[in-house]
>>> print(open('final.cif').read())   # mmCIF, C-alpha atoms
data_entry
loop_
_atom_site.label_atom_id
_atom_site.label_comp_id
_atom_site.auth_asym_id
_atom_site.auth_seq_id
_atom_site.Cartn_x
_atom_site.Cartn_y
_atom_site.Cartn_z
CA MET A 1 52.88 -37.50 46.42
CA SER A 2 52.54 -34.04 44.93
CA LEU A 3 52.67 -35.41 41.39
CA ASP A 4 49.94 -37.83 42.40
CA LEU A 5 47.91 -34.97 43.71
CA LEU A 6 48.46 -33.02 40.49
CA VAL A 7 47.34 -35.90 38.30
CA SER A 8 44.30 -36.80 40.36
CA HIS A 9 43.15 -33.23 40.94
CA TYR A 10 44.11 -31.59 37.62
CA ASN A 11 40.50 -31.80 36.43
CA TYR A 12 39.14 -30.03 39.45
CA TRP A 13 41.71 -27.29 39.22
CA VAL A 14 41.02 -26.54 35.58
CA VAL A 15 37.33 -26.49 36.42
CA ILE A 16 38.00 -23.97 39.17
CA PHE A 17 40.18 -21.93 36.82
CA LEU A 18 37.38 -21.79 34.23
CA MET A 19 34.87 -20.96 36.90
CA MET A 20 37.00 -18.07 38.06
CA VAL A 21 37.43 -16.84 34.46
CA GLY A 22 33.65 -16.78 34.14
CA PHE A 23 33.33 -15.07 37.50
CA TYR A 24 35.92 -12.47 36.56
CA ILE A 25 34.15 -11.70 33.27
CA LEU A 26 30.92 -11.39 35.23
CA ILE A 27 32.15 -8.88 37.80
CA SER A 28 34.71 -6.88 35.87
CA ARG A 29 33.07 -6.32 32.47
CA GLY A 30 30.35 -3.76 31.99
CA ASN A 31 28.79 -5.09 28.79
CA LEU A 32 25.64 -7.05 29.57
CA ILE A 33 26.08 -9.58 26.77
CA LYS A 34 29.67 -10.22 27.83
CA LYS A 35 28.30 -10.80 31.31
CA VAL A 36 25.90 -13.43 29.96
CA VAL A 37 28.82 -15.13 28.20
CA GLY A 38 30.74 -15.10 31.48
CA LEU A 39 27.78 -16.66 33.21
CA ASN A 40 27.75 -19.38 30.55
CA VAL A 41 31.44 -20.13 31.09
CA PHE A 42 30.80 -20.36 34.82
CA GLN A 43 27.87 -22.68 34.22
CA THR A 44 29.78 -24.99 31.89
CA SER A 45 32.56 -25.28 34.44
CA VAL A 46 30.02 -26.54 36.98
CA PHE A 47 28.84 -29.10 34.41
CA MET A 48 32.42 -30.25 33.98
CA LEU A 49 32.87 -30.60 37.72
CA TYR A 50 29.84 -32.89 37.92
CA ILE A 51 30.87 -34.97 34.95
CA SER A 52 34.42 -35.39 36.28
CA MET A 53 32.95 -36.65 39.52
CA GLY A 54 30.90 -39.21 37.61
CA LYS A 55 33.83 -40.62 35.65
CA VAL A 56 35.23 -43.97 36.69
CA ASN A 57 38.67 -44.94 35.44
CA GLY A 58 38.34 -47.71 32.88
CA GLY A 59 34.58 -47.31 32.81
CA THR A 60 32.33 -47.21 29.77
CA PRO A 61 29.35 -44.96 29.08
CA PRO A 62 26.34 -46.05 31.13
CA ILE A 63 24.51 -47.87 28.38
CA LEU A 64 24.04 -51.44 29.53
CA ILE A 65 25.51 -54.20 27.41
CA TYR A 66 23.26 -57.22 26.99
CA GLY A 67 24.38 -60.37 28.73
CA GLU A 68 27.52 -58.98 30.30
CA THR A 69 27.68 -58.63 34.04
CA ASP A 70 31.16 -57.50 34.98
CA VAL A 71 31.38 -54.27 33.01
CA LEU A 72 32.43 -51.11 34.79
CA TYR A 73 30.09 -48.24 33.99
CA SER A 74 30.55 -44.60 34.78
CA ASN A 75 28.10 -43.05 37.19
CA PRO A 76 24.89 -42.13 35.33
CA LEU A 77 23.45 -39.85 38.00
CA PRO A 78 25.53 -36.70 37.32
CA HIS A 79 24.84 -37.17 33.61
CA VAL A 80 21.11 -36.98 34.21
CA LEU A 81 21.39 -33.89 36.37
CA ILE A 82 23.63 -32.08 33.89
CA LEU A 83 21.64 -33.10 30.84
CA THR A 84 18.59 -31.27 32.11
CA ALA A 85 20.71 -28.44 33.50
CA ILE A 86 22.13 -27.68 30.05
CA VAL A 87 18.70 -27.23 28.51
CA VAL A 88 17.47 -25.17 31.43
CA GLY A 89 20.70 -23.17 31.15
CA ILE A 90 20.03 -22.19 27.54
CA ALA A 91 16.45 -21.27 28.44
CA THR A 92 17.57 -18.96 31.25
CA THR A 93 20.33 -17.56 29.02
CA SER A 94 17.69 -16.60 26.50
CA VAL A 95 15.79 -14.75 29.22
CA GLY A 96 18.99 -12.87 30.07
CA LEU A 97 19.54 -11.96 26.43
CA ALA A 98 15.94 -10.83 26.12
CA LEU A 99 16.46 -8.54 29.12
CA ALA A 100 19.60 -7.14 27.47
CA VAL A 101 17.65 -6.45 24.28
CA ARG A 102 14.93 -4.62 26.20
CA ILE A 103 17.53 -2.58 28.09
CA LYS A 104 19.14 -1.65 24.79
CA GLU A 105 15.80 -0.47 23.49
CA ALA A 106 14.99 1.52 26.59
CA TYR A 107 18.42 3.10 27.19
CA GLY A 108 20.19 2.85 23.87
CA THR A 109 23.18 1.07 25.38
CA ILE A 110 24.05 -2.14 27.16
CA GLU A 111 27.11 -0.80 28.99
CA GLU A 112 26.55 -0.79 32.71
CA ASP A 113 28.24 2.53 33.53
CA GLU A 114 26.43 4.37 30.73
CA ILE A 115 23.11 3.05 32.03
CA ASN A 116 24.05 4.23 35.51
CA ALA A 117 24.95 7.67 34.15
CA ILE A 118 21.61 7.93 32.35
CA GLU A 119 19.78 6.88 35.49
CA ALA A 120 21.63 9.45 37.59
CA ARG A 121 20.83 12.19 35.08
CA THR A 122 17.14 11.26 35.04
CA GLU A 123 17.00 11.29 38.80
CA ALA A 124 18.70 14.70 38.98
CA THR A 125 16.29 16.29 36.50
CA GLY A 126 13.10 14.50 37.40
CA MET B 127 44.86 -32.34 26.74
CA LEU B 128 41.38 -30.97 26.07
CA LEU B 129 41.20 -29.28 29.43
CA THR B 130 44.17 -27.10 28.64
CA LEU B 131 42.61 -26.10 25.32
CA LEU B 132 39.47 -25.19 27.21
CA ALA B 133 41.44 -23.02 29.59
CA ALA B 134 42.98 -21.26 26.60
CA ALA B 135 39.55 -20.69 25.06
CA GLY B 136 38.35 -19.27 28.36
CA LEU B 137 41.24 -16.81 28.50
CA ALA B 138 40.63 -15.74 24.92
CA LEU B 139 36.99 -15.09 25.84
CA LEU B 140 38.22 -12.76 28.53
CA ARG B 141 40.56 -10.76 26.30
CA VAL B 142 38.60 -10.29 23.09
CA ARG B 143 36.36 -7.24 22.98
CA ASN B 144 34.62 -7.74 19.66
CA LEU B 145 31.47 -9.50 20.74
CA PHE B 146 31.03 -11.40 17.48
CA ALA B 147 34.39 -13.03 18.08
CA VAL B 148 33.37 -13.68 21.68
CA VAL B 149 30.25 -15.51 20.58
CA MET B 150 32.19 -17.61 18.09
CA LEU B 151 34.75 -18.43 20.78
CA ALA B 152 31.93 -19.38 23.11
CA GLY B 153 30.74 -21.82 20.42
CA ILE B 154 34.23 -23.30 20.18
CA TYR B 155 34.36 -23.51 23.95
CA SER B 156 31.07 -25.43 23.98
CA LEU B 157 32.24 -27.83 21.31
CA LEU B 158 35.48 -28.47 23.21
CA SER B 159 33.57 -29.15 26.38
CA ALA B 160 31.31 -31.54 24.45
CA GLY B 161 34.44 -33.40 23.40
CA LEU B 162 35.56 -33.47 27.00
CA PHE B 163 32.21 -34.90 28.09
CA THR B 164 32.58 -37.69 25.54
CA VAL B 165 36.02 -38.51 26.88
CA MET B 166 34.55 -38.64 30.36
CA ASP B 167 31.88 -41.17 29.27
CA ALA B 168 28.97 -38.77 29.41
CA VAL B 169 27.76 -39.34 25.85
CA ASP B 170 24.25 -38.05 26.45
CA VAL B 171 25.55 -34.87 27.99
CA ALA B 172 28.06 -34.36 25.17
CA PHE B 173 25.26 -34.75 22.66
CA THR B 174 23.15 -32.14 24.42
CA GLU B 175 26.04 -29.75 24.86
CA ALA B 176 26.99 -30.00 21.18
CA ALA B 177 23.41 -29.41 20.03
CA VAL B 178 22.60 -26.68 22.55
CA GLY B 179 25.87 -24.91 23.22
CA ALA B 180 27.37 -24.91 19.77
CA GLY B 181 24.09 -24.76 17.86
CA ILE B 182 21.08 -22.97 19.26
CA SER B 183 22.91 -20.86 21.82
CA THR B 184 25.24 -19.35 19.22
CA VAL B 185 22.26 -18.48 17.03
CA LEU B 186 20.48 -16.81 19.94
CA PHE B 187 23.57 -14.84 20.94
CA LEU B 188 23.98 -13.65 17.36
CA GLY B 189 20.33 -12.65 17.27
CA ALA B 190 20.79 -10.62 20.44
CA LEU B 191 24.02 -9.08 19.13
CA ALA B 192 22.33 -7.95 15.95
CA LEU B 193 19.95 -6.00 18.18
CA CYS B 194 22.49 -4.69 20.68
CA GLY B 195 25.59 -3.79 18.69
CA HIS B 196 28.79 -5.76 18.78
CA GLN B 197 31.58 -3.65 20.23
CA GLU B 198 32.35 -3.74 23.89
CA ASN B 199 33.68 -0.67 25.70
CA LYS B 200 37.03 -0.74 27.43
CA PRO B 201 36.52 -1.56 31.10
CA GLY B 202 36.47 1.78 32.86
CA HIS B 203 37.83 0.98 36.30
CA THR B 204 40.92 -0.83 37.50
CA PRO B 205 40.74 -4.61 37.42
CA LEU B 206 42.42 -4.96 40.81
CA LEU B 207 39.39 -5.44 43.04
CA PRO B 208 37.67 -8.07 40.87
CA LEU B 209 41.01 -9.80 40.38
CA PHE B 210 41.52 -9.91 44.13
CA VAL B 211 38.01 -11.29 44.73
CA VAL B 212 38.50 -13.93 42.06
CA LEU B 213 41.91 -14.98 43.34
CA VAL B 214 40.66 -15.33 46.90
CA THR B 215 37.60 -17.32 45.85
CA GLY B 216 39.67 -19.51 43.54
CA GLY B 217 42.25 -20.10 46.26
CA LEU B 218 39.56 -21.14 48.71
CA LEU B 219 38.04 -23.52 46.17
CA VAL B 220 41.40 -25.11 45.35
CA TRP B 221 42.01 -25.50 49.07
CA GLY B 222 38.60 -27.20 49.24
CA THR B 223 39.52 -29.72 46.53
CA MET B 224 42.45 -30.96 48.60
CA ASP B 225 39.98 -33.03 50.59
CA MET B 226 38.24 -34.38 47.52
CA PRO B 227 38.88 -37.96 46.45
CA GLY B 228 41.03 -38.39 43.35
CA PHE B 229 39.61 -38.26 39.85
CA GLY B 230 38.11 -41.48 38.49
CA ASP B 231 38.61 -43.71 41.51
CA PRO B 232 35.82 -46.34 41.49
CA ALA B 233 35.78 -46.31 45.30
CA ASN B 234 34.69 -42.66 45.49
CA PRO B 235 31.63 -42.09 47.66
CA VAL B 236 29.67 -40.58 44.72
CA HIS B 237 29.52 -43.96 43.06
CA HIS B 238 28.06 -45.85 46.00
CA HIS B 239 24.79 -44.37 46.97
CA VAL B 240 21.98 -44.70 44.46
CA ALA B 241 24.23 -45.06 41.43
CA ASP B 242 24.85 -48.72 42.22
CA HIS B 243 21.16 -49.35 42.31
CA TYR B 244 20.61 -47.62 38.97
CA ILE B 245 23.31 -49.61 37.27
CA ASP B 246 22.54 -53.00 38.81
CA GLU B 247 18.76 -52.96 38.96
CA SER B 248 17.49 -50.63 36.27
CA TYR B 249 17.62 -53.33 33.61
CA HIS B 250 15.39 -55.61 35.66
CA GLU B 251 13.06 -52.85 36.69
CA ILE B 252 12.76 -50.92 33.47
CA GLU B 253 14.34 -53.06 30.76
CA ILE B 254 15.96 -50.34 28.73
CA PRO B 255 19.70 -50.30 28.27
CA ASN B 256 20.36 -46.56 28.42
CA VAL B 257 20.58 -45.94 32.14
CA VAL B 258 20.61 -42.18 31.66
CA THR B 259 17.22 -42.29 29.96
CA SER B 260 15.67 -44.57 32.54
CA VAL B 261 16.90 -42.45 35.42
CA LEU B 262 15.86 -39.27 33.65
CA ALA B 263 12.36 -40.30 32.75
CA SER B 264 11.45 -42.87 35.34
CA TYR B 265 13.35 -42.73 38.62
CA ARG B 266 13.58 -38.96 38.49
CA GLY B 267 10.38 -38.24 36.62
CA TYR B 268 9.34 -35.43 38.96
CA ASP B 269 12.67 -33.76 38.53
CA THR B 270 12.42 -33.84 34.76
CA MET B 271 8.87 -32.55 34.87
CA GLY B 272 10.07 -29.62 36.94
CA GLU B 273 12.83 -28.92 34.43
CA THR B 274 10.37 -29.02 31.55
CA THR B 275 8.18 -26.54 33.38
CA VAL B 276 11.17 -24.27 33.99
CA VAL B 277 12.02 -24.31 30.28
CA PHE B 278 8.41 -23.43 29.50
CA ALA B 279 8.43 -20.65 32.10
CA ALA B 280 11.61 -19.23 30.55
CA ALA B 281 9.86 -19.10 27.18
CA VAL B 282 6.95 -17.27 28.77
CA GLY B 283 9.43 -14.80 30.25
CA VAL B 284 11.04 -14.15 26.87
CA MET B 285 7.60 -13.74 25.33
CA ILE B 286 6.62 -11.17 27.93
CA LEU B 287 9.87 -9.28 27.38
CA LEU B 288 10.06 -9.37 23.61
CA ALA B 289 6.61 -9.94 22.16
CA GLY B 290 5.24 -6.53 23.15
CA ARG B 291 5.00 -3.77 20.60
CA LEU B 292 8.02 -1.54 20.12
CA GLY B 293 6.17 1.74 20.45
CA ARG B 294 5.42 1.29 24.12
CA ARG B 295 8.05 3.03 26.22
CA PRO B 296 8.48 2.17 29.87
CA ARG B 297 9.68 5.69 30.78
CA PRO B 298 7.45 8.54 29.66
CA GLU B 299 10.18 11.23 29.96
CA GLY B 300 12.02 9.57 27.12
CA LYS B 301 15.43 10.61 28.50
CA GLY B 302 18.29 8.82 26.82
CA ASP B 303 15.94 6.98 24.55
CA GLY B 304 18.13 5.73 21.77
CA GLY B 305 16.45 2.51 20.69
CA MET C 306 21.63 -14.54 1.86
CA ARG C 307 18.82 -14.97 -0.67
CA GLY C 308 21.12 -15.09 -3.66
CA GLU C 309 23.33 -17.93 -2.48
CA VAL C 310 22.33 -20.94 -4.56
CA VAL C 311 24.60 -23.39 -2.76
CA VAL C 312 23.36 -22.35 0.64
CA ARG C 313 19.72 -22.50 -0.40
CA VAL C 314 19.96 -25.92 -2.03
CA GLY C 315 22.15 -27.22 0.76
CA ALA C 316 19.69 -26.13 3.40
CA LYS C 317 16.82 -27.62 1.45
CA VAL C 318 18.59 -30.97 1.17
CA LEU C 319 19.82 -31.00 4.74
CA ALA C 320 16.67 -29.97 6.57
CA PRO C 321 14.68 -33.21 6.09
CA PHE C 322 17.69 -35.22 7.20
CA ILE C 323 18.14 -33.10 10.29
CA ILE C 324 14.48 -33.55 11.17
CA THR C 325 14.65 -37.31 10.59
CA PHE C 326 17.81 -37.47 12.68
CA GLY C 327 16.08 -35.58 15.47
CA LEU C 328 13.17 -38.02 15.47
CA CYS C 329 15.59 -40.95 15.36
CA VAL C 330 17.44 -39.53 18.35
CA HIS C 331 14.16 -39.21 20.17
CA PHE C 332 12.76 -42.68 19.52
CA HIS C 333 16.08 -44.44 20.06
CA GLY C 334 16.65 -42.61 23.31
CA ASP C 335 16.00 -45.87 25.16
CA TYR C 336 18.82 -47.72 23.47
CA SER C 337 21.46 -45.17 22.62
CA PRO C 338 22.37 -41.66 23.70
CA GLY C 339 19.56 -39.27 23.05
CA GLY C 340 16.10 -38.42 24.18
CA GLY C 341 13.55 -35.67 24.24
CA PHE C 342 15.88 -32.83 25.20
CA GLN C 343 18.41 -33.44 22.44
CA ALA C 344 15.77 -34.21 19.82
CA GLY C 345 13.85 -31.04 20.60
CA VAL C 346 16.96 -28.94 20.18
CA ILE C 347 17.90 -30.67 16.92
CA LEU C 348 14.44 -30.11 15.45
CA ALA C 349 14.58 -26.47 16.51
CA ALA C 350 18.00 -26.19 14.84
CA ALA C 351 16.48 -27.44 11.58
CA ILE C 352 13.82 -24.72 11.75
CA ALA C 353 16.45 -22.11 12.60
CA LEU C 354 18.57 -23.19 9.60
CA LEU C 355 15.62 -22.87 7.23
CA ALA C 356 14.68 -19.50 8.72
CA LEU C 357 18.22 -18.18 8.33
CA VAL C 358 18.43 -19.24 4.68
CA TYR C 359 14.90 -18.65 3.40
CA GLY C 360 13.88 -15.76 5.60
CA LEU C 361 11.72 -15.70 8.66
CA GLU C 362 8.42 -15.00 6.91
CA ALA C 363 8.67 -18.02 4.62
CA VAL C 364 9.28 -20.38 7.53
CA GLN C 365 6.68 -18.77 9.73
CA LYS C 366 4.05 -19.52 7.09
CA VAL C 367 4.72 -23.24 7.58
CA VAL C 368 5.58 -23.36 11.29
CA THR C 369 3.50 -20.54 12.64
CA PRO C 370 4.48 -18.75 15.87
CA ARG C 371 1.07 -19.68 17.22
CA PHE C 372 1.79 -23.36 16.60
CA VAL C 373 5.16 -23.36 18.37
CA ARG C 374 3.74 -21.46 21.30
CA ALA C 375 1.01 -24.07 21.57
CA CYS C 376 3.70 -26.77 21.37
CA ALA C 377 5.59 -25.29 24.31
CA ALA C 378 2.50 -25.48 26.50
CA LEU C 379 1.28 -28.78 25.09
CA GLY C 380 4.49 -30.58 26.03
CA VAL C 381 4.12 -29.76 29.70
CA ILE C 382 0.51 -30.92 29.51
CA ILE C 383 1.58 -34.22 27.91
CA PHE C 384 4.15 -34.78 30.64
CA ALA C 385 1.78 -33.96 33.46
CA GLY C 386 -1.02 -35.82 31.66
CA VAL C 387 0.96 -39.06 31.70
CA GLY C 388 1.21 -38.64 35.44
CA VAL C 389 -2.51 -38.03 35.76
CA VAL C 390 -3.33 -41.07 33.61
CA THR C 391 -1.22 -43.34 35.80
CA MET C 392 -2.90 -41.86 38.85
CA VAL C 393 -6.37 -42.49 37.39
CA LEU C 394 -5.32 -46.07 36.73
CA GLY C 395 -4.65 -46.48 40.43
CA HIS C 396 -0.88 -46.11 40.70
CA ASN C 397 1.37 -43.33 41.90
CA TYR C 398 1.78 -40.12 39.93
CA LEU C 399 4.14 -40.99 37.06
CA GLY C 400 4.12 -44.65 38.11
CA TYR C 401 4.42 -46.06 34.61
CA ASP C 402 3.76 -49.66 35.62
CA ALA C 403 0.07 -48.77 35.45
CA LEU C 404 0.15 -48.32 31.69
CA ALA C 405 0.63 -51.96 30.68
CA GLU C 406 1.53 -55.35 32.06
CA GLY C 407 5.14 -55.91 32.99
CA HIS C 408 7.90 -53.69 31.68
CA ALA C 409 6.03 -52.50 28.61
CA GLY C 410 4.36 -49.95 30.86
CA GLN C 411 7.74 -48.41 31.67
CA HIS C 412 8.49 -48.22 27.95
CA TYR C 413 5.22 -46.48 27.14
CA GLY C 414 5.57 -44.15 30.08
CA ILE C 415 9.11 -43.12 29.21
CA LEU C 416 8.21 -42.61 25.58
CA GLY C 417 5.20 -40.50 26.52
CA VAL C 418 7.14 -38.39 28.94
CA GLU C 419 10.00 -37.92 26.50
CA LEU C 420 7.47 -36.88 23.88
CA GLY C 421 6.29 -34.19 26.25
CA VAL C 422 9.88 -33.03 26.75
CA LEU C 423 10.50 -33.06 22.99
CA VAL C 424 7.43 -30.97 22.21
CA THR C 425 8.15 -28.44 24.95
CA VAL C 426 11.83 -28.02 24.14
CA PHE C 427 11.11 -27.70 20.42
CA GLY C 428 8.34 -25.19 21.03
CA VAL C 429 10.38 -23.13 23.46
CA MET C 430 13.53 -22.99 21.34
CA VAL C 431 11.68 -22.04 18.16
CA THR C 432 9.56 -19.47 20.01
CA VAL C 433 12.63 -17.82 21.48
CA PHE C 434 14.40 -17.87 18.12
CA TYR C 435 11.38 -16.32 16.39
CA LEU C 436 11.19 -13.59 18.99
CA PHE C 437 14.86 -12.62 18.68
CA ALA C 438 14.87 -12.83 14.89
CA GLY C 439 11.50 -11.13 14.49
CA ARG C 440 12.60 -8.24 16.69
CA ARG C 441 15.38 -7.45 14.27
CA GLY C 442 12.93 -7.22 11.40
CA ARG C 443 10.97 -4.60 13.27
CA THR C 444 13.82 -2.42 14.47
CA GLN C 445 15.57 -2.04 11.14
#
>>> encode(input="final.cif", output="structure tokens")
Amino acid sequence: MSLDLLVSHYNYWVVIFLMMVGFYILISRGNLIKKVVGLNVFQTSVFMLYISMGKVNGGTPPILIYGETDVLYSNPLPHVLILTAIVVGIATTSVGLALAVRIKEAYGTIEEDEINAIEARTEATG
Amino acid sequence: MLLTLLAAAGLALLRVRNLFAVVMLAGIYSLLSAGLFTVMDAVDVAFTEAAVGAGISTVLFLGALALCGHQENKPGHTPLLPLFVVLVTGGLLVWGTMDMPGFGDPANPVHHHVADHYIDESYHEIEIPNVVTSVLASYRGYDTMGETTVVFAAAVGVMILLAGRLGRRPRPEGKGDGG
Amino acid sequence: MRGEVVVRVGAKVLAPFIITFGLCVHFHGDYSPGGGFQAGVILAAAIALLALVYGLEAVQKVVTPRFVRACAALGVIIFAGVGVVTMVLGHNYLGYDALAEGHAGQHYGILGVELGVLVTVFGVMVTVFYLFAGRRGRTQ
């Protein structure tokens, strides 16, 4: 039973592990670019979760084969959702990177605690 | 198995502090996940991931790194609190998967709502063999239009952030202005 | 990178093939994996390769920033325009059956919509790349 569970849920657990790695990078690292990387890891793990849900054992990619009726195809719906999500993901990532670049130009650093220190100093003097 | 390799790449991402290496590892991570998508029959997704994740995204990250410097500081505070949060969240999620149906079972509920319709009928209704394309562009046309608009909006955002002239400073005091 | 003969010649030889491959991926999206999203990214990658090897200015003379910005907006207009055309023809918004008799309408509709996606994604990716790369030129 437990081996069964391991085999049938291994995918989900690795996905959760990767998601937590991304989450950990996101909340424990101060560097903004590292945070964006963490966000990407998190995002990719969600993609993997969707794709693993769409997989059918013994299935083929969902490209219909002419004249054959009893072929088992994997579920195309998660593929569609994730396909667009990837491209939107890179677009939003680029916005995040652009923000990091602007912060670097305004503060001279992209480390969170240094930015906080600068902010505190400005508030104390001004 | 590929998944284990991916987990290793994820851990390496966490440890390495040179951001150039991090970006390269992120590229490797993307390529590995593209391989995984192929194994799981999502050829379209794998294609996109390989082109986007390992191609364009690496270039963009490198462009940003060239502007921001490439060495990360040591984390200043103890990692205990984030670690605790992550472990609790992860534990809850794993607990949640216990109720999920096993991987790859054709009887899973995901496969029996609209997916059946797409696979059985799309050839009669649309006459193109790639189901992913027909769902993407026809059945879910609104969805895709929204995504296209989001991508465009993101570009507008980057333009607003980066296309301005460098001389303009948001804070007139100029405190801590290093850029 | 300007002195590297191998890189320069390699990029020159590869770029047309990458662009052709991108278009192939786009127009065969109905029959094999591919479509507007992937093709747009591949085309943008070709531009990025040329820009990395030959310098940003050289590439921007051919593919001007103005042009790619226009592309990004034009793609959304194409996509929405297909919807408007089908609506004018008396069907639902994005109801491709209006475009031609039988299933050909679906083909035309999907191709038109994917073209919109291709143009937008290409325009957006190249615009973003230009902005990041051009910023570096100005700070140094």
>>> interface_residues(input="final.cif", of="chain C", to="chain A", cutoff="10 Å", atoms="only C-alpha atoms", output="list in words")
Asp335, Tyr336, Ser337, Pro338, Phe342, Gln343, Val346, Val426, Val429, Met430, Val433, Phe434, Leu436, Phe437, Arg440 and Thr444 of chain C
>>> resolve_selection(input="final.cif", expression="the PyMOL selection byres ((chain C and resi 334) around 12)", output="PyMOL selection string")
(chain A and resi 63) or (chain B and resi 169-170+173+254-260+262-263) or (chain C and resi 326-333+335-344+412+415-416+418-420+423)
>>> write_last_selection(input="final.cif", atoms="C-alpha atoms", output="PDB file, keeping the file's coordinate frame")
ATOM      1  CA  ILE A  63      24.510 -47.870  28.380  1.00  0.00           C
TER       2      ILE A  63
ATOM      3  CA  VAL B 169      27.760 -39.340  25.850  1.00  0.00           C
ATOM      4  CA  ASP B 170      24.250 -38.050  26.450  1.00  0.00           C
ATOM      5  CA  PHE B 173      25.260 -34.750  22.660  1.00  0.00           C
ATOM      6  CA  ILE B 254      15.960 -50.340  28.730  1.00  0.00           C
ATOM      7  CA  PRO B 255      19.700 -50.300  28.270  1.00  0.00           C
ATOM      8  CA  ASN B 256      20.360 -46.560  28.420  1.00  0.00           C
ATOM      9  CA  VAL B 257      20.580 -45.940  32.140  1.00  0.00           C
ATOM     10  CA  VAL B 258      20.610 -42.180  31.660  1.00  0.00           C
ATOM     11  CA  THR B 259      17.220 -42.290  29.960  1.00  0.00           C
ATOM     12  CA  SER B 260      15.670 -44.570  32.540  1.00  0.00           C
ATOM     13  CA  LEU B 262      15.860 -39.270  33.650  1.00  0.00           C
ATOM     14  CA  ALA B 263      12.360 -40.300  32.750  1.00  0.00           C
TER      15      ALA B 263
ATOM     16  CA  PHE C 326      17.810 -37.470  12.680  1.00  0.00           C
ATOM     17  CA  GLY C 327      16.080 -35.580  15.470  1.00  0.00           C
ATOM     18  CA  LEU C 328      13.170 -38.020  15.470  1.00  0.00           C
ATOM     19  CA  CYS C 329      15.590 -40.950  15.360  1.00  0.00           C
ATOM     20  CA  VAL C 330      17.440 -39.530  18.350  1.00  0.00           C
ATOM     21  CA  HIS C 331      14.160 -39.210  20.170  1.00  0.00           C
ATOM     22  CA  PHE C 332      12.760 -42.680  19.520  1.00  0.00           C
ATOM     23  CA  HIS C 333      16.080 -44.440  20.060  1.00  0.00           C
ATOM     24  CA  ASP C 335      16.000 -45.870  25.160  1.00  0.00           C
ATOM     25  CA  TYR C 336      18.820 -47.720  23.470  1.00  0.00           C
ATOM     26  CA  SER C 337      21.460 -45.170  22.620  1.00  0.00           C
ATOM     27  CA  PRO C 338      22.370 -41.660  23.700  1.00  0.00           C
ATOM     28  CA  GLY C 339      19.560 -39.270  23.050  1.00  0.00           C
ATOM     29  CA  GLY C 340      16.100 -38.420  24.180  1.00  0.00           C
ATOM     30  CA  GLY C 341      13.550 -35.670  24.240  1.00  0.00           C
ATOM     31  CA  PHE C 342      15.880 -32.830  25.200  1.00  0.00           C
ATOM     32  CA  GLN C 343      18.410 -33.440  22.440  1.00  0.00           C
ATOM     33  CA  ALA C 344      15.770 -34.210  19.820  1.00  0.00           C
ATOM     34  CA  HIS C 412       8.490 -48.220  27.950  1.00  0.00           C
ATOM     35  CA  ILE C 415       9.110 -43.120  29.210  1.00  0.00           C
ATOM     36  CA  LEU C 416       8.210 -42.610  25.580  1.00  0.00           C
ATOM     37  CA  VAL C 418       7.140 -38.390  28.940  1.00  0.00           C
ATOM     38  CA  GLU C 419      10.000 -37.920  26.500  1.00  0.00           C
ATOM     39  CA  LEU C 420       7.470 -36.880  23.880  1.00  0.00           C
ATOM     40  CA  LEU C 423      10.500 -33.060  22.990  1.00  0.00           C
TER      41      LEU C 423
END
>>> axis_aligned_box(input="final.cif", around="range 95-104 of chain A", padding_each_side="8 Å", output="AutoDock Vina command-line options")
--center_x 17.3 --center_y -8.2 --center_z 27.2 --size_x 20.7 --size_y 29.1 --size_z 21.8
>>> interface_residues(input="final.cif", of="chain B", to="chain C", cutoff="7 Å", atoms="only C-alpha atoms", output="ChimeraX atom specification")
/B:169-170,173-174,177-178,181-182,186,189-190,193,252-256,259,263-264,267,271,274-275,278,281,284,288-289
>>> resolve_selection(input="final.cif", expression="the PyMOL selection byres ((chain A and resi 10-22) around 8)", output="CSV table (one decimal) with C-alpha atoms, keeping the file's coordinate frame")
chain,number,residue,atom,x,y,z
A,5,LEU,CA,47.9,-35.0,43.7
A,6,LEU,CA,48.5,-33.0,40.5
A,7,VAL,CA,47.3,-35.9,38.3
A,8,SER,CA,44.3,-36.8,40.4
A,9,HIS,CA,43.2,-33.2,40.9
A,23,PHE,CA,33.3,-15.1,37.5
A,24,TYR,CA,35.9,-12.5,36.6
A,25,ILE,CA,34.2,-11.7,33.3
A,26,LEU,CA,30.9,-11.4,35.2
A,37,VAL,CA,28.8,-15.1,28.2
A,38,GLY,CA,30.7,-15.1,31.5
A,39,LEU,CA,27.8,-16.7,33.2
A,40,ASN,CA,27.8,-19.4,30.6
A,41,VAL,CA,31.4,-20.1,31.1
A,42,PHE,CA,30.8,-20.4,34.8
A,43,GLN,CA,27.9,-22.7,34.2
A,45,SER,CA,32.6,-25.3,34.4
A,46,VAL,CA,30.0,-26.5,37.0
A,48,MET,CA,32.4,-30.2,34.0
A,49,LEU,CA,32.9,-30.6,37.7
A,52,SER,CA,34.4,-35.4,36.3
B,129,LEU,CA,41.2,-29.3,29.4
B,130,THR,CA,44.2,-27.1,28.6
B,133,ALA,CA,41.4,-23.0,29.6
B,136,GLY,CA,38.4,-19.3,28.4
B,137,LEU,CA,41.2,-16.8,28.5
B,140,LEU,CA,38.2,-12.8,28.5
B,212,VAL,CA,38.5,-13.9,42.1
B,213,LEU,CA,41.9,-15.0,43.3
B,215,THR,CA,37.6,-17.3,45.8
B,216,GLY,CA,39.7,-19.5,43.5
B,219,LEU,CA,38.0,-23.5,46.2
B,220,VAL,CA,41.4,-25.1,45.4
B,223,THR,CA,39.5,-29.7,46.5
B,229,PHE,CA,39.6,-38.3,39.8
